[in-house]
Amino acid sequence: MPKKILIVSNAFYPENSPRSFRTTELAKELVRQGNEVAVVTHPREGTESYCESFGIKFKNLGNLTWPAPKVKGTGIVRLFWRILCRFSLLLFEYPNIQLLFLVKKALKKEKNYDALISIAVPYPIHWGVARIWSKKIAKIWIADCGDPYMGQENDTFKPMFYFGWLEKKFCKKADYITVPTEKSIGGYYPEFHDKIKVIPQGFKFEDIQVYTGELSKEKIIFGYAGMFIPGRRDPSEFLEYLNSLPENYNFEFHVYTTTPQFVTPFIKENSNRIILKELVPREKLLYELSKMNFVVNFENVGNTQTPSKLIDYLIIEKPVLSVKFGDLKPNIILEFFNGSYSNKMELPNKNIYRIENVAQQFLALIP
């Protein structure tokens with residue numbers, strides 16, 4: 001029997017982010033499988049018409065209007081603004097905390113759904129649902145999570161202890177908590193582990209176009225797409241090693257990132273071996289990566305957070321060179337340069353990421 005489903009998310013098409021892909025692909029597939037789906041999200045250029053084209057009902061979450069502090073100036077002034085930006089987020093989850101109030105307001109008149117699926121990050125999405133949640137809105141609430149919040153392992157600072165109260169509140173009220181991997185479960189309070197279901201990220205494989213021609217025979221081309229975190233998902237050792245290789249190593253390392261400041265110090269003048277690329281939509285990115293010999297993963301700290309880029313690497317079926325900060329293995333890098341991939345990162349069966357299967361896992365939770 002078709003279900004009536006309400007999805008609440010900060011991220012949606014055309015935003016280029018893992019949580020946007022999660023929301024957009026899930027909503028589209030649930031409609032394809034015959035369900036009635038409404039998405040509560042921010043108004044963006046093209047969002048409403050995109051929803052209409054796929055049979056999704058768009059509901060306006062409103063815009064984030066609280067001004068975010070910006071790093072500016074030089075010297076001491078710049079340091080002040082960096083500290084202010086960092087601690088406004090760390091101490092108050094500002095400006096994302098506005099989502100709590102936007103979600104609460106948006107759900108006031110919503111009722112009679114079979115399920116509400118809220119998608120984080122940011123976690124104020126879940127906090128907002130918790131503030132207004134009742135069975136009048138929907139029969140069940142599924143709180144879908146990417147990286148853990150209180151149990152995260154890869155930020156420089158841990159969230160302040162008082163946010164634990166908000167996390168426990170939403171976990172207590174939600175009927176189910178969905179996470180992308182088994183390892184993610186350890187990032188949540190033990191008393192809620194019985195509510196946790198593992199549902200991976202999902203994509204429509206047929207929408208992905210990959211390069212099927214011959215790879216370059218003149219040089220080795222490899223790439224990375226994602227953000228960097230100093231001391232954790234840190235590229236510095238790897239980039240230093242690449243720069244140390246003699247000129248007869250003919251290669252190009254293409255980097256697509258929202259944190260280019262961790263790459264620019266290693267780009268040498270008159271050298272095209274380390275190349276910063278412009279950010280592109282996911283479909284184009286995967287096509288460009290599929291032209292390469294292999295791709296690179298910079299490992300997280302701990303086990304609770306798994307980079308979503310690994311799914312993209314799996315879809316394009318490229319060998320993955322996994323690099324751990326503090327444990328660089330030059331011999332394995334050179335193996336990859338020589339076309340030997342016996343030490344490639346082992347990835348799971350890609351069929352678990354098919355959106356058809358992922359949508360069915362969500363539907364199985366709905367009475």
# chains A, B, ... in the order shown; residues from 1 in each chain; ligands from 1
>>> residues_around(residues="A:Val320", least_positions_apart="6", cutoff="10 Å", atoms="only C-alpha atoms", output="ChimeraX atom specification")
/A:222-224,293-297,310,313-314,336,341,343-347
>>> write_last_selection(atoms="N, CA, C and O atoms", output="compact mmCIF listing (two decimals), in the first residue's frame")
# COMPACT_ATOMS: atom_id res chain seq x y z
N PHE A 222 45.49 10.69 -11.21
CA PHE A 222 44.68 10.23 -10.09
C PHE A 222 44.06 11.44 -9.40
O PHE A 222 44.47 12.59 -9.64
N GLY A 223 43.05 11.19 -8.55
CA GLY A 223 42.32 12.32 -8.00
C GLY A 223 41.70 12.07 -6.65
O GLY A 223 41.64 10.93 -6.16
N TYR A 224 41.23 13.17 -6.06
CA TYR A 224 40.54 13.13 -4.77
C TYR A 224 39.43 14.17 -4.82
O TYR A 224 39.60 15.26 -5.36
N ASN A 293 43.40 6.85 -13.44
CA ASN A 293 43.93 5.52 -13.17
C ASN A 293 43.45 4.99 -11.82
O ASN A 293 43.14 3.80 -11.69
N PHE A 294 43.43 5.86 -10.83
CA PHE A 294 42.95 5.48 -9.51
C PHE A 294 42.52 6.73 -8.75
O PHE A 294 42.73 7.86 -9.22
N VAL A 295 41.90 6.54 -7.59
CA VAL A 295 41.45 7.65 -6.76
C VAL A 295 42.03 7.49 -5.35
O VAL A 295 42.48 6.40 -4.98
N VAL A 296 42.00 8.58 -4.59
CA VAL A 296 42.65 8.60 -3.28
C VAL A 296 41.61 8.83 -2.19
O VAL A 296 40.67 9.63 -2.36
N ASN A 297 41.77 8.13 -1.08
CA ASN A 297 40.97 8.36 0.13
C ASN A 297 41.90 8.75 1.27
O ASN A 297 42.91 8.10 1.50
N LEU A 310 33.47 7.40 -0.75
CA LEU A 310 33.84 6.02 -1.06
C LEU A 310 32.77 5.33 -1.89
O LEU A 310 33.07 4.44 -2.69
N TYR A 313 33.42 6.40 -5.41
CA TYR A 313 34.57 5.66 -5.93
C TYR A 313 34.16 4.24 -6.32
O TYR A 313 34.64 3.68 -7.31
N LEU A 314 33.27 3.66 -5.51
CA LEU A 314 32.80 2.31 -5.78
C LEU A 314 31.97 2.26 -7.06
O LEU A 314 32.11 1.34 -7.87
N PHE A 336 50.89 1.72 -6.84
CA PHE A 336 49.78 2.29 -7.61
C PHE A 336 50.31 2.99 -8.86
O PHE A 336 49.72 2.89 -9.93
N TYR A 341 47.58 -2.88 -8.01
CA TYR A 341 46.58 -2.43 -7.05
C TYR A 341 46.23 -3.52 -6.02
O TYR A 341 45.13 -3.53 -5.47
N ASN A 343 47.11 -3.72 -3.08
CA ASN A 343 46.89 -3.11 -1.77
C ASN A 343 45.79 -2.04 -1.81
O ASN A 343 45.77 -1.14 -0.97
N LYS A 344 44.91 -2.14 -2.79
CA LYS A 344 43.81 -1.18 -2.87
C LYS A 344 42.85 -1.36 -1.70
O LYS A 344 42.78 -2.44 -1.09
N MET A 345 42.12 -0.32 -1.39
CA MET A 345 41.15 -0.38 -0.29
C MET A 345 40.01 -1.31 -0.68
O MET A 345 39.47 -1.22 -1.79
N GLU A 346 39.64 -2.19 0.24
CA GLU A 346 38.54 -3.11 -0.02
C GLU A 346 37.21 -2.42 0.28
O GLU A 346 37.01 -1.89 1.36
N LEU A 347 36.30 -2.45 -0.68
CA LEU A 347 35.00 -1.80 -0.55
C LEU A 347 33.89 -2.85 -0.63
O LEU A 347 34.08 -3.92 -1.21
>>> residues_around(residues="A:Ala225", least_positions_apart="4", cutoff="7 Å", atoms="only C-alpha atoms", output="list in words")
Val255, Tyr256 and Thr257 of chain A
>>> closest_residue(among="A:Lys59, A:Arg273, A:Lys139, A:Arg19", to="A:Pro246", atoms="only C-alpha atoms")
A:Arg273
>>> atom_distance(atom1="atom CA of A:Asn112", atom2="atom CA of A:Ile137")
5.5 Å
>>> select_by_dssp(residues="stretch 108-306 of chain A", states="strand (DSSP E)", output="PyMOL selection string")
chain A and resi 113-119+138-144+176-179+196-198+220-225+251-256+274-277+294-298
>>> closest_residue(among="A:Leu107, A:Ile97, A:Leu102, A:Ala138", to="A:Phe163", atoms="only C-alpha atoms")
A:Ile97
>>> residues_around(residues="A:Pro190", least_positions_apart="5", cutoff="12 Å", atoms="only C-alpha atoms", output="MDAnalysis selection string")
chainID A and resid 151 168 171:172 185 195:196
>>> write_last_selection(atoms="C-alpha atoms", output="compact mmCIF listing (two decimals), in the first residue's frame")
# COMPACT_ATOMS: atom_id res chain seq x y z
CA GLY A 151 30.17 10.91 19.25
CA LYS A 168 19.21 12.38 23.99
CA CYS A 171 16.90 9.98 20.21
CA LYS A 172 14.30 9.25 22.90
CA ILE A 185 26.44 2.93 15.79
CA LYS A 195 16.49 2.00 17.78
CA ILE A 196 19.32 2.18 15.26
>>> closest_residue(among="A:Ile274, A:Ile5, A:Ile221, A:Ala364", to="A:Lys197", atoms="only C-alpha atoms")
A:Ala364
>>> residues_around(residues="stretch 229-243 of chain A", least_positions_apart="3", cutoff="10 Å", atoms="only C-alpha atoms", output="PyMOL selection string")
chain A and resi 153-156+226+246-247+249+251-253+259+262-263+265-268+271+273-274+297-302+323-330+333
>>> closest_residue(among="A:Ile117, A:Val8, A:Leu245, A:Met160", to="A:Leu365", atoms="only C-alpha atoms")
A:Ile117
>>> residues_around(residues="A:Lys173", least_positions_apart="5", cutoff="10 Å", atoms="only C-alpha atoms", output="ChimeraX atom specification")
/A:129-131,133-134,140-143,168
>>> write_last_selection(atoms="N, CA, C and O atoms", output="PDB file, in the first residue's frame")
ATOM      1  N   VAL A 129      12.466  18.936  15.128  1.00  0.00           N
ATOM      2  CA  VAL A 129      11.389  17.951  15.090  1.00  0.00           C
ATOM      3  C   VAL A 129      11.027  17.532  16.512  1.00  0.00           C
ATOM      4  O   VAL A 129       9.847  17.417  16.871  1.00  0.00           O
ATOM      5  N   ALA A 130      12.046  17.295  17.337  1.00  0.00           N
ATOM      6  CA  ALA A 130      11.807  16.860  18.712  1.00  0.00           C
ATOM      7  C   ALA A 130      10.985  17.875  19.500  1.00  0.00           C
ATOM      8  O   ALA A 130      10.175  17.507  20.358  1.00  0.00           O
ATOM      9  N   ARG A 131      11.155  19.170  19.195  1.00  0.00           N
ATOM     10  CA  ARG A 131      10.430  20.217  19.922  1.00  0.00           C
ATOM     11  C   ARG A 131       8.924  20.179  19.663  1.00  0.00           C
ATOM     12  O   ARG A 131       8.129  20.614  20.496  1.00  0.00           O
ATOM     13  N   TRP A 133       7.306  17.301  17.985  1.00  0.00           N
ATOM     14  CA  TRP A 133       6.883  15.973  17.569  1.00  0.00           C
ATOM     15  C   TRP A 133       5.670  15.463  18.333  1.00  0.00           C
ATOM     16  O   TRP A 133       5.582  15.566  19.544  1.00  0.00           O
ATOM     17  N   SER A 134       4.727  14.929  17.559  1.00  0.00           N
ATOM     18  CA  SER A 134       3.607  14.165  18.125  1.00  0.00           C
ATOM     19  C   SER A 134       3.129  13.208  17.053  1.00  0.00           C
ATOM     20  O   SER A 134       3.419  13.391  15.860  1.00  0.00           O
ATOM     21  N   ILE A 140       5.111   7.409  12.558  1.00  0.00           N
ATOM     22  CA  ILE A 140       6.453   7.178  13.087  1.00  0.00           C
ATOM     23  C   ILE A 140       7.394   8.284  12.643  1.00  0.00           C
ATOM     24  O   ILE A 140       7.161   8.952  11.628  1.00  0.00           O
ATOM     25  N   TRP A 141       8.448   8.462  13.425  1.00  0.00           N
ATOM     26  CA  TRP A 141       9.504   9.422  13.086  1.00  0.00           C
ATOM     27  C   TRP A 141      10.811   8.663  12.919  1.00  0.00           C
ATOM     28  O   TRP A 141      11.258   7.946  13.813  1.00  0.00           O
ATOM     29  N   ILE A 142      11.422   8.814  11.732  1.00  0.00           N
ATOM     30  CA  ILE A 142      12.728   8.234  11.441  1.00  0.00           C
ATOM     31  C   ILE A 142      13.741   9.371  11.385  1.00  0.00           C
ATOM     32  O   ILE A 142      13.637  10.261  10.529  1.00  0.00           O
ATOM     33  N   ALA A 143      14.698   9.373  12.296  1.00  0.00           N
ATOM     34  CA  ALA A 143      15.744  10.396  12.320  1.00  0.00           C
ATOM     35  C   ALA A 143      16.978   9.845  11.604  1.00  0.00           C
ATOM     36  O   ALA A 143      17.662   8.961  12.124  1.00  0.00           O
ATOM     37  N   LYS A 168      19.998  13.405  23.305  1.00  0.00           N
ATOM     38  CA  LYS A 168      19.212  12.377  23.992  1.00  0.00           C
ATOM     39  C   LYS A 168      17.712  12.616  23.824  1.00  0.00           C
ATOM     40  O   LYS A 168      16.931  11.663  23.723  1.00  0.00           O
TER      41      LYS A 168
END
